[in-house]
Amino acid sequence: MHTGTHFTPPPGPSHRRLRRTAGMVCGAVAVGATALLVVEVSGGSSRTPTLSLASAGAHPTSTTMGAPSTPASTSAASPAHETTSTTLAPPVVLPDGSPVPVLVVFNGDAITLAGAVPTQAAADRLRALAIANSKSPAQVIDHLVVDARVPATVGVRVIEMNALRFAEGSSAVTPEYEAELARVVNLMRALPSVTVTVIGHADQTGPTGANLQLSQDRATAIIDYLVSRGISPDRLSGRGVGDRDLLTTRTSTAGLALNRRTEFVFYGLLAAAAR
């Protein structure tokens with residue numbers, strides 16, 4: 001599948017040169033019509049983390065693949081797969097003036113979508129891509145809002161809650177982790193106009209400077225792996241943010257593991273559907 005749209009991502013470092021940035025490409029907490037992401041982890045428990053996502057100005061719907069859709073908080077007359085358009089505050093932007101990315105969270109048997117998209121077609125496309133790239137059938141929890149002021153080039157931030165994480169203090173991509181990255185490789189091969197920014201993260205243990213370097217090393221390791229799988233380095237950029245964007249503040253083993261991660265921000269996924 002090809003979007004047919006060439007897209008140049010915002011200026012960023014090459015896959016070999018990561019830079020520090022005061023304005024993170026995406027944050028766990030955003031305001032307006034975007035999302036508040038809260039992760040609860042039981043100390044010492046191996047069960048799936050609980051994800052709470054609140055979206056201001058959005059009317060969520062919930063659907064399950066393979067089953068009739070069931071609105072969670074919409075009227076009976078509302079189409080199950082239609083995102084609500086409503087009066088919104090000005091679009092939220094990052095410090096560099098770019099729009100806050102749309103959020104896609106894969107969390108066990110649920111996929112949560114949140115943020116502002118430019119058209120209903122873009123919302124439908126994002127939902128379809130999320131379903132197609134889920135590891136297994138999952139419930140879709142829709143907090144998207146349609147806002148025509150949002151540009152077609154808005155990024156899509158993907159968080160995989162149940163993916164394997166980096167070992168403590170390590171940036172090594174293990175064979176088990178490579179299997180998790182197969183979906184990214186397949187998506188980028190199928191959509192050759194899409195570009196990606198890889199964000200490296202560290203947990204909250206250790207000195208700040210060391211955590212920043214470790215997160216940069218993790219972003220570089222992921223990008224190097226993608227290049228080794230045939231993805232052009234011209235389509236990849238990355239940066240490390242250290243421990244400045246934690247998924248959870250818990251210091252349990254499970255909580256710390258959640259923060260030792262990389263995330264992906266895809267650009268161009270919605271461009272074809274936003275016109």
# chains A, B, ... in the order shown; residues from 1 in each chain; ligands from 1

$ select_by_dssp --residues "segment 124-266 of chain A" --states "strand (DSSP E)" --output "JSON, numbers by chain"
{"A": [139, 140, 141, 142, 143, 144, 145, 146, 156, 157, 158, 159, 160, 195, 196, 197, 198, 199, 200, 236, 237, 238, 239, 240, 262, 263, 264, 265, 266]}

$ closest_residue --among "A:Gln216, A:Ala257, A:Ala116, A:Arg127" --to "Ala148 of chain A" --atoms "only C-alpha atoms"
A:Ala116

$ residues_around --residues "Pro175 of chain A" --least-positions-apart "4" --cutoff "12 Å" --atoms "only C-alpha atoms" --output "MDAnalysis selection string"
chainID A and resid 164:166 179:182 225

$ write_last_selection --atoms "C-alpha atoms" --output "PDB file, in the first residue's frame"
ATOM      1  CA  LEU A 164       9.913  -6.230  25.321  1.00  0.00           C
ATOM      2  CA  ARG A 165      12.110  -3.586  26.927  1.00  0.00           C
ATOM      3  CA  PHE A 166      15.824  -2.901  27.030  1.00  0.00           C
ATOM      4  CA  ALA A 179      10.640  -9.650  16.559  1.00  0.00           C
ATOM      5  CA  GLU A 180       8.798  -6.677  18.085  1.00  0.00           C
ATOM      6  CA  LEU A 181      10.351  -4.351  15.499  1.00  0.00           C
ATOM      7  CA  ALA A 182       9.116  -6.441  12.568  1.00  0.00           C
ATOM      8  CA  TYR A 225      18.653  -2.065  13.175  1.00  0.00           C
TER       9      TYR A 225
END

$ closest_residue --among "A:Asp124, A:Asp142, A:Asp224, A:Asp203" --to "Leu103 of chain A" --atoms "only C-alpha atoms"
A:Asp142

$ residues_around --residues "segment 260-266 of chain A" --least-positions-apart "3" --cutoff "10 Å" --atoms "only C-alpha atoms" --output "number ranges by chain"
A: 9, 25-26, 101-104, 153-161, 163-171, 184, 188, 194-204, 214-216, 218-219, 221-222, 236-240, 242-243, 246-247, 255-257, 269-270

$ closest_residue --among "A:Pro137, A:Pro192, A:Gly115, A:Gly206" --to "Val100 of chain A" --atoms "only C-alpha atoms"
A:Gly115
